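J.: To be precise about what I am sending: the file is called entry_29.tsv and holds TSV, C-alpha atoms and all ligand atoms.
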chain	number	residue	atom	x	y	z
A	1	MET	CA	-14.14	15.77	3.70
A	2	ILE	CA	-15.24	17.60	0.59
A	3	ALA	CA	-18.71	16.64	-0.67
A	4	ASP	CA	-17.83	16.13	-4.33
A	5	GLU	CA	-14.61	14.30	-3.54
A	6	PHE	CA	-15.91	10.79	-4.24
A	7	GLY	CA	-17.09	9.08	-7.40
A	8	ALA	CA	-19.02	5.93	-8.31
A	9	ALA	CA	-17.63	2.42	-7.92
A	10	ALA	CA	-16.86	0.31	-11.00
A	11	PRO	CA	-19.12	-2.60	-12.02
A	12	ALA	CA	-18.45	-5.86	-10.17
A	13	GLN	CA	-15.90	-7.94	-12.09
A	14	MET	CA	-12.96	-10.28	-11.73
A	15	THR	CA	-10.12	-8.81	-13.74
A	16	PRO	CA	-6.69	-10.35	-13.05
A	17	LEU	CA	-3.95	-7.83	-13.81
A	18	ALA	CA	-0.29	-8.48	-14.57
A	19	GLY	CA	2.26	-6.50	-12.57
A	20	ARG	CA	5.59	-5.21	-13.80
A	21	SER	CA	8.91	-6.05	-12.27
A	22	SER	CA	10.86	-3.29	-10.52
A	23	ASP	CA	14.34	-3.68	-8.99
A	24	LEU	CA	14.78	-2.34	-5.44
A	25	GLY	CA	18.41	-3.55	-5.28
A	26	ALA	CA	20.20	-6.43	-3.47
A	27	GLY	CA	18.32	-8.93	-5.64
A	28	LEU	CA	14.93	-7.67	-4.46
A	29	LEU	CA	12.54	-7.67	-7.38
A	30	VAL	CA	9.10	-6.37	-6.59
A	31	ASN	CA	6.01	-6.94	-8.67
A	32	ARG	CA	4.21	-3.61	-9.07
A	33	PHE	CA	0.48	-4.01	-9.68
A	34	LEU	CA	-0.56	-0.38	-9.13
A	35	PRO	CA	-0.54	2.05	-10.74
A	36	GLN	CA	-0.81	0.65	-14.26
A	37	ARG	CA	-2.40	1.82	-17.48
A	38	ALA	CA	-5.38	-0.49	-17.12
A	39	LEU	CA	-6.00	0.44	-13.49
A	40	ARG	CA	-4.72	3.54	-11.70
A	41	MET	CA	-6.43	3.13	-8.34
A	42	VAL	CA	-8.60	0.81	-6.29
A	43	GLY	CA	-10.61	3.26	-4.20
A	44	PRO	CA	-7.88	5.51	-2.68
A	45	TRP	CA	-5.20	2.79	-3.06
A	46	CYS	CA	-2.80	4.07	-5.71
A	47	PHE	CA	0.31	1.88	-5.37
A	48	LEU	CA	0.82	-1.81	-4.72
A	49	ASP	CA	4.20	-3.57	-4.60
A	50	LEU	CA	4.46	-7.27	-3.83
A	51	MET	CA	7.96	-7.86	-2.40
A	52	GLY	CA	9.65	-11.24	-2.59
A	53	PRO	CA	9.80	-13.81	-1.25
A	54	VAL	CA	13.55	-13.23	-1.43
A	55	THR	CA	16.42	-14.62	0.61
A	56	PHE	CA	19.24	-12.10	0.69
A	57	ALA	CA	22.86	-13.17	0.34
A	58	PRO	CA	24.74	-12.95	3.67
A	59	GLY	CA	25.70	-9.35	4.44
A	60	THR	CA	23.17	-7.90	2.00
A	61	GLY	CA	19.55	-6.88	2.35
A	62	LEU	CA	16.94	-4.28	1.63
A	63	ASP	CA	18.53	-0.84	1.67
A	64	VAL	CA	16.31	1.93	0.32
A	65	ALA	CA	18.04	5.22	1.19
A	66	PRO	CA	16.09	8.24	2.49
A	67	HIS	CA	13.53	9.53	0.01
A	68	PRO	CA	10.59	11.90	0.32
A	69	HIS	CA	6.84	11.34	0.18
A	70	ILE	CA	3.85	13.69	0.08
A	71	GLY	CA	0.08	13.29	-0.16
A	72	LEU	CA	-0.10	9.61	0.82
A	73	GLN	CA	0.17	7.00	3.53
A	74	THR	CA	2.60	4.09	3.12
A	75	VAL	CA	1.30	0.78	4.46
A	76	THR	CA	3.93	-1.92	5.02
A	77	TRP	CA	2.69	-5.43	5.80
A	78	LEU	CA	4.84	-8.56	5.92
A	79	ALA	CA	4.19	-12.28	5.65
A	80	SER	CA	7.82	-13.13	6.46
A	81	GLY	CA	11.07	-11.37	7.37
A	82	ALA	CA	11.50	-7.88	8.83
A	83	VAL	CA	11.95	-4.28	7.69
A	84	LEU	CA	13.52	-1.43	9.66
A	85	HIS	CA	11.90	1.96	9.04
A	86	LYS	CA	13.63	5.25	9.91
A	87	ASP	CA	12.13	8.67	9.19
A	88	SER	CA	12.68	12.40	9.36
A	89	LEU	CA	10.40	12.70	12.41
A	90	GLY	CA	12.92	10.57	14.31
A	91	TYR	CA	10.98	7.29	14.33
A	92	LYS	CA	12.97	4.08	14.06
A	93	GLN	CA	10.76	1.01	13.95
A	94	GLU	CA	11.27	-2.59	12.96
A	95	ILE	CA	8.22	-4.54	11.84
A	96	ALA	CA	7.52	-8.24	11.91
A	97	PRO	CA	4.79	-10.24	10.14
A	98	GLY	CA	1.29	-9.36	11.35
A	99	GLU	CA	2.26	-5.82	12.35
A	100	LEU	CA	1.49	-2.59	10.53
A	101	ASN	CA	3.86	0.26	9.81
A	102	LEU	CA	1.77	3.22	8.70
A	103	MET	CA	3.47	6.43	7.65
A	104	THR	CA	1.32	9.44	6.84
A	105	ALA	CA	3.33	11.70	4.57
A	106	GLY	CA	0.82	14.56	4.31
A	107	ALA	CA	2.76	17.77	3.65
A	108	GLY	CA	6.09	15.93	3.56
A	109	ILE	CA	8.25	13.30	5.23
A	110	ALA	CA	11.41	11.37	4.32
A	111	HIS	CA	12.17	7.78	5.28
A	112	SER	CA	14.53	4.88	4.67
A	113	GLU	CA	13.78	1.15	4.65
A	114	GLU	CA	16.39	-1.49	5.47
A	115	SER	CA	16.71	-5.11	6.43
A	116	PRO	CA	17.56	-5.20	10.14
A	117	ALA	CA	21.00	-6.62	10.95
A	118	GLY	CA	20.87	-10.29	11.84
A	119	ASN	CA	17.50	-11.09	10.26
A	120	SER	CA	17.96	-13.89	7.74
A	121	GLU	CA	14.30	-14.76	7.20
A	122	PRO	CA	13.15	-14.42	3.58
A	123	LEU	CA	11.52	-11.04	2.98
A	124	PHE	CA	7.96	-11.41	1.76
A	125	GLY	CA	5.28	-8.76	1.98
A	126	VAL	CA	3.48	-5.86	0.43
A	127	GLN	CA	3.73	-2.11	0.41
A	128	PHE	CA	0.64	-0.11	-0.46
A	129	TRP	CA	0.12	3.61	-0.79
A	130	VAL	CA	-3.17	5.25	0.10
A	131	ALA	CA	-3.75	8.60	-1.59
A	132	LEU	CA	-4.99	11.20	0.86
A	133	PRO	CA	-8.21	13.03	-0.02
A	134	ARG	CA	-7.85	16.72	-0.95
A	135	SER	CA	-8.94	17.80	2.52
A	136	ALA	CA	-6.01	15.92	4.12
A	137	GLU	CA	-3.25	15.93	1.52
A	138	CYS	CA	-1.28	18.62	3.32
A	139	CYS	CA	-1.83	17.23	6.85
A	140	GLU	CA	0.93	16.98	9.44
A	141	PRO	CA	3.19	14.00	8.77
A	142	SER	CA	3.03	11.16	11.29
A	143	PHE	CA	4.09	7.58	11.85
A	144	GLU	CA	2.40	4.75	13.71
A	145	HIS	CA	3.28	1.15	14.44
A	146	LEU	CA	0.37	-1.14	15.28
A	147	SER	CA	0.94	-4.66	16.51
A	148	ASP	CA	-2.48	-5.28	18.05
A	149	LEU	CA	-4.98	-5.25	15.19
A	150	PRO	CA	-8.54	-6.67	15.23
A	151	ARG	CA	-8.61	-10.35	14.25
A	152	PHE	CA	-11.21	-13.07	13.92
A	153	GLU	CA	-11.28	-16.69	12.86
A	154	ARG	CA	-14.16	-18.40	11.07
A	155	ASN	CA	-14.44	-21.59	8.99
A	156	GLY	CA	-10.70	-22.22	9.26
A	157	VAL	CA	-9.79	-18.75	7.94
A	158	GLN	CA	-7.89	-16.23	10.06
A	159	ALA	CA	-8.71	-12.59	9.29
A	160	CYS	CA	-6.92	-9.41	10.36
A	161	VAL	CA	-8.32	-5.92	9.77
A	162	ILE	CA	-5.25	-3.87	8.83
A	163	MET	CA	-7.00	-0.57	8.06
A	164	GLY	CA	-10.59	0.63	8.02
A	165	SER	CA	-13.39	-1.70	9.04
A	166	LEU	CA	-14.69	-5.11	8.09
A	167	GLU	CA	-17.40	-7.27	9.66
A	168	HIS	CA	-17.98	-4.62	12.37
A	169	LEU	CA	-14.33	-4.66	13.43
A	170	MET	CA	-12.38	-1.44	13.06
A	171	SER	CA	-8.63	-1.07	12.83
A	172	PRO	CA	-7.18	1.66	15.07
A	173	ALA	CA	-4.94	2.78	12.18
A	174	ARG	CA	-5.47	6.38	11.16
A	175	CYS	CA	-7.22	6.80	7.84
A	176	TYR	CA	-8.64	9.75	5.99
A	177	SER	CA	-11.28	8.36	3.62
A	178	PRO	CA	-13.62	5.33	3.66
A	179	LEU	CA	-11.46	2.24	2.99
A	180	VAL	CA	-10.50	-1.26	4.07
A	181	ALA	CA	-7.39	-3.43	4.02
A	182	ALA	CA	-7.60	-6.93	5.50
A	183	GLU	CA	-5.48	-10.06	5.43
A	184	PHE	CA	-6.88	-13.59	5.24
A	185	SER	CA	-4.91	-16.78	5.75
A	186	SER	CA	-5.71	-20.44	6.24
A	187	HIS	CA	-3.60	-23.40	7.36
A	188	ALA	CA	-5.86	-26.19	6.12
A	189	GLY	CA	-8.08	-24.26	3.69
A	190	GLY	CA	-11.49	-22.72	4.25
A	191	ALA	CA	-14.25	-20.50	2.91
A	192	LEU	CA	-15.21	-17.16	4.41
A	193	PRO	CA	-18.30	-15.14	3.48
A	194	LEU	CA	-17.73	-11.41	3.99
A	195	ALA	CA	-20.02	-8.39	3.99
A	196	LEU	CA	-18.62	-5.56	1.86
A	197	ASP	CA	-19.55	-1.93	1.27
A	198	PRO	CA	-21.10	-1.66	-2.23
A	199	VAL	CA	-19.83	1.92	-2.70
A	200	PHE	CA	-16.24	0.63	-2.48
A	201	ASP	CA	-14.09	-0.70	-5.30
A	202	HIS	CA	-12.10	-3.78	-4.21
A	203	GLY	CA	-8.98	-5.65	-5.25
A	204	LEU	CA	-7.41	-8.88	-4.05
A	205	CYS	CA	-3.69	-9.63	-3.85
A	206	VAL	CA	-2.77	-13.30	-3.37
A	207	LEU	CA	0.56	-13.78	-1.62
A	208	SER	CA	0.61	-17.57	-1.33
A	209	GLY	CA	-1.55	-20.59	-2.05
A	210	SER	CA	-4.61	-19.98	-4.17
A	211	VAL	CA	-7.85	-18.10	-3.65
A	212	SER	CA	-11.13	-18.12	-5.51
A	213	LEU	CA	-14.44	-16.33	-5.15
A	214	ARG	CA	-17.28	-18.78	-4.68
A	215	GLY	CA	-19.76	-18.62	-7.52
A	216	GLU	CA	-17.63	-16.40	-9.76
A	217	ALA	CA	-15.77	-17.54	-12.84
A	218	CYS	CA	-12.26	-16.25	-13.29
A	219	SER	CA	-9.52	-17.11	-15.71
A	220	PRO	CA	-7.10	-18.41	-14.50
A	221	ARG	CA	-9.19	-19.83	-11.73
A	222	PRO	CA	-8.37	-19.89	-8.86
A	223	LEU	CA	-6.05	-16.91	-8.37
A	224	GLY	CA	-2.55	-18.20	-7.69
A	225	SER	CA	0.28	-16.86	-5.54
A	226	GLY	CA	1.75	-13.55	-6.63
A	227	THR	CA	-1.36	-12.38	-8.45
A	228	PHE	CA	-3.65	-9.38	-8.21
A	229	CYS	CA	-7.28	-9.20	-9.27
A	230	PHE	CA	-9.54	-6.14	-9.56
A	231	LEU	CA	-12.99	-6.98	-8.23
A	232	GLY	CA	-14.78	-3.71	-9.07
A	233	GLY	CA	-17.53	-2.37	-6.83
A	234	GLY	CA	-21.23	-2.73	-6.19
A	235	ARG	CA	-20.64	-5.80	-4.06
A	236	SER	CA	-22.48	-6.18	-0.78
A	237	GLY	CA	-20.50	-9.34	-0.10
A	238	LEU	CA	-18.36	-12.13	-1.44
A	239	GLU	CA	-17.11	-15.51	-0.32
A	240	LEU	CA	-13.37	-16.13	-0.34
A	241	GLU	CA	-12.24	-19.74	-0.73
A	242	LEU	CA	-8.65	-20.23	0.44
A	243	SER	CA	-6.53	-23.30	-0.33
A	244	ALA	CA	-4.39	-24.84	2.42
A	245	GLY	CA	-1.56	-22.41	3.15
A	246	ALA	CA	-3.20	-19.52	1.29
A	247	ARG	CA	-2.66	-15.89	2.27
A	248	CYS	CA	-4.24	-12.85	0.58
A	249	VAL	CA	-4.92	-9.17	1.20
A	250	LEU	CA	-8.22	-7.52	0.27
A	251	LEU	CA	-8.08	-3.79	-0.48
A	252	GLY	CA	-11.06	-1.56	-0.94
A	253	GLY	CA	-12.34	1.95	-0.65
A	254	GLN	CA	-14.59	4.63	-2.02
A	255	PRO	CA	-13.09	5.85	-5.30
A	256	PHE	CA	-12.14	9.51	-5.68
A	257	ALA	CA	-14.09	11.49	-8.26
A	258	LYS	CA	-10.82	12.33	-10.00
A	259	THR	CA	-7.69	10.24	-10.51
A	260	ILE	CA	-4.81	11.62	-8.48
A	261	LYS	CA	-1.34	12.36	-9.85
A	262	VAL	CA	1.50	9.98	-8.97
A	263	TRP	CA	5.10	10.75	-9.84
A	264	TRP	CA	8.19	9.21	-8.22
A	265	ASN	CA	7.35	9.13	-4.50
A	266	PHE	CA	4.82	11.92	-4.63
A	267	VAL	CA	1.03	11.79	-4.77
A	268	GLY	CA	-1.21	14.82	-5.12
A	269	HIS	CA	-4.37	16.22	-6.56
A	270	ARG	CA	-2.55	18.86	-8.62
A	271	GLU	CA	0.61	18.63	-10.71
A	272	GLU	CA	1.93	21.82	-9.06
A	273	THR	CA	1.89	20.09	-5.67
A	274	LEU	CA	4.21	17.37	-6.96
A	275	ARG	CA	6.47	19.83	-8.77
A	276	SER	CA	6.96	22.00	-5.69
A	277	ALA	CA	7.75	18.89	-3.58
A	278	LEU	CA	10.46	17.97	-6.11
A	279	ASP	CA	11.91	21.50	-5.99
A	280	ASP	CA	11.93	21.39	-2.18
A	281	TRP	CA	13.60	17.95	-2.07
A	282	ASN	CA	16.29	19.08	-4.53
A	283	ALA	CA	16.88	22.30	-2.55
A	284	GLN	CA	16.89	20.42	0.81
A	285	ARG	CA	13.89	22.38	1.99
A	286	ARG	CA	10.74	21.10	3.71
A	287	PHE	CA	11.98	17.50	4.17
A	288	LEU	CA	14.16	17.01	7.23
A	289	PRO	CA	17.08	14.56	7.14
A	290	VAL	CA	16.69	10.94	8.26
A	291	LYS	CA	19.36	11.27	10.94
A	292	ALA	CA	19.45	7.59	11.92
A	293	TYR	CA	20.35	6.46	8.39
A	294	GLY	CA	24.08	6.07	7.75
A	295	GLY	CA	24.35	7.21	4.15
A	296	SER	CA	23.19	9.71	1.60
A	297	ALA	CA	19.63	10.30	0.48
A	298	LEU	CA	18.22	9.33	-2.92
A	299	LYS	CA	18.41	11.80	-5.77
A	300	ALA	CA	15.15	12.56	-7.53
A	301	PRO	CA	14.82	11.74	-11.23
A	302	PRO	CA	14.35	14.73	-13.55
A	303	TRP	CA	10.87	16.20	-13.81
A	304	PRO	CA	9.14	14.51	-16.77
A	305	GLY	CA	8.46	17.79	-18.56
A	306	ASN	CA	5.29	17.45	-20.59
A	307	ALA	CA	5.17	13.65	-20.21
A	308	HIS	CA	1.95	12.61	-18.55
A	309	LEU	CA	2.04	11.82	-14.87
A	310	LYS	CA	0.91	8.38	-13.90
A	401	MN	MN	9.02	5.10	0.64
Let me see the file written as structure tokens.
Ligand code: MN

T.:
Amino acid sequence: MIADEFGAAAPAQMTPLAGRSSDLGAGLLVNRFLPQRALRMVGPWCFLDLMGPVTFAPGTGLDVAPHPHIGLQTVTWLASGAVLHKDSLGYKQEIAPGELNLMTAGAGIAHSEESPAGNSEPLFGVQFWVALPRSAECCEPSFEHLSDLPRFERNGVQACVIMGSLEHLMSPARCYSPLVAAEFSSHAGGALPLALDPVFDHGLCVLSGSVSLRGEACSPRPLGSGTFCFLGGGRSGLELELSAGARCVLLGGQPFAKTIKVWWNFVGHREETLRSALDDWNAQRRFLPVKAYGGSALKAPPWPGNAHLK
């Protein structure tokens, strides 16, 4: 890692943020909470889509054709349903709720995402992107599927450490800068005190039920399903209070000193890195085909010219 790569965490706060709706096709509207003007990143987390819940019409489903990524890891995590991932390294992997699909794009990878045939469960989950630090942004692409993640249960709350470490438990998922992603759920409701790293910024995405932070005022309070709240940094702990049936994901990490560039499916520390990835995708260089996908790849939008990059 590069010594001056990281910056200071934001002040502790509870700032609920509205997402914006984005259409992934087949009736799948996602709510995109990151990036947005008011908040570009939470630590290294630079993209957050909340998908569904959606029940697809018979014979339809998620079908995102092959598209490229660089400079990031995609983290797919489901509460319900299934997604079939196929990539240019030759991986073909279905995921179920409670499992992690982690794709490290590094220097470049292409993948597709589909609903597996025969799965009629409503699709409900999240996809996050983690920006890679400068020292790793051009790393070898890789893919991992992890179904055995560290879990604990306390005070009626089930916790799963998806990435990074929490409460002395460490996820085996590969990561490249100090961060955490963890899911909390409760059948009957419960309260869970957690130790946090004060140099991290944190954010909380509520998938279902409602969640509040004990001792902290928030409007609206508590946070309801389908919401995202920026918690800032400087916190050595917090206490999550989950309603019966609540499920949420806590994200955190040490912020980068500089905001990274995000355009289309590319993340990088320099605009030139994104531009050359676009040229290579358009010229069918660098990114190998996703052979297992039965259709054509996505076309890139035009380069935004002098428009600012998110
Ligand atoms: Mn993708």

J.: If you measure from atom CA of Cys160 of chain A to atom CA of Pro53 of chain A, what distance in Å do you get, rounded to one decimal?

T.: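 Atom-to-atom, atom CA of Cys160 of chain A and atom CA of Pro53 of chain A are spaced 20.8 Å apart.
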
J.: Using only C-alpha atoms and all ligand atoms, I'd like a table of the residues in chain A that come within 8 Å of ligand MN 401 (chain A); for each, show the closest atom pair and its distance in Å rounded to one decimal, ordered by chain and ascending number, as a Markdown table.

T.:
| residue | atom | partner | partner_atom | distance |
| --- | --- | --- | --- | --- |
| A:Val64 | CA | A:MN401 | MN | 8.0 |
| A:Pro66 | CA | A:MN401 | MN | 8.0 |
| A:His67 | CA | A:MN401 | MN | 6.4 |
| A:Pro68 | CA | A:MN401 | MN | 7.0 |
| A:His69 | CA | A:MN401 | MN | 6.6 |
| A:Thr74 | CA | A:MN401 | MN | 7.0 |
| A:Ala110 | CA | A:MN401 | MN | 7.7 |
| A:His111 | CA | A:MN401 | MN | 6.2 |
| A:Ser112 | CA | A:MN401 | MN | 6.8 |
| A:Glu113 | CA | A:MN401 | MN | 7.4 |
| A:Asn265 | CA | A:MN401 | MN | 6.7 |

J.: Considering all atoms listed in the file, return as a ChimeraX atom specification whatever protein or nucleic-acid residues lie within 8 Å of segment 204-206 of chain A, sequence-local ones (same chain, fewer than 2 positions apart) excluded.

T.: /A:202,208-211,223-231,246-251

J.: Which residue, A:Thr104, A:Ser21, A:Thr15, A:Gln36, has the smallest gap to Gly71 of chain A when you use all atoms listed in the file?

T.: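 Comparing A:Thr104, A:Ser21, A:Thr15, A:Gln36 against Gly71 of chain A, the winner is A:Thr104.
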
J.: Please indicate the distance in Å from atom CA of Asp63 of chain A to atom CA of Trp263 of chain A, rounded to one decimal place.

T.: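 Computing the Euclidean distance for atom CA of Asp63 of chain A and atom CA of Trp263 of chain A yields 21.1 Å.
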
J.: Pick from A:Ala105, A:Trp45, A:Glu99, A:Asp23: nearest to Leu62 of chain A, with all atoms listed in the file counted?

T.: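 The answer is A:Asp23, which sits nearest to Leu62 of chain A.
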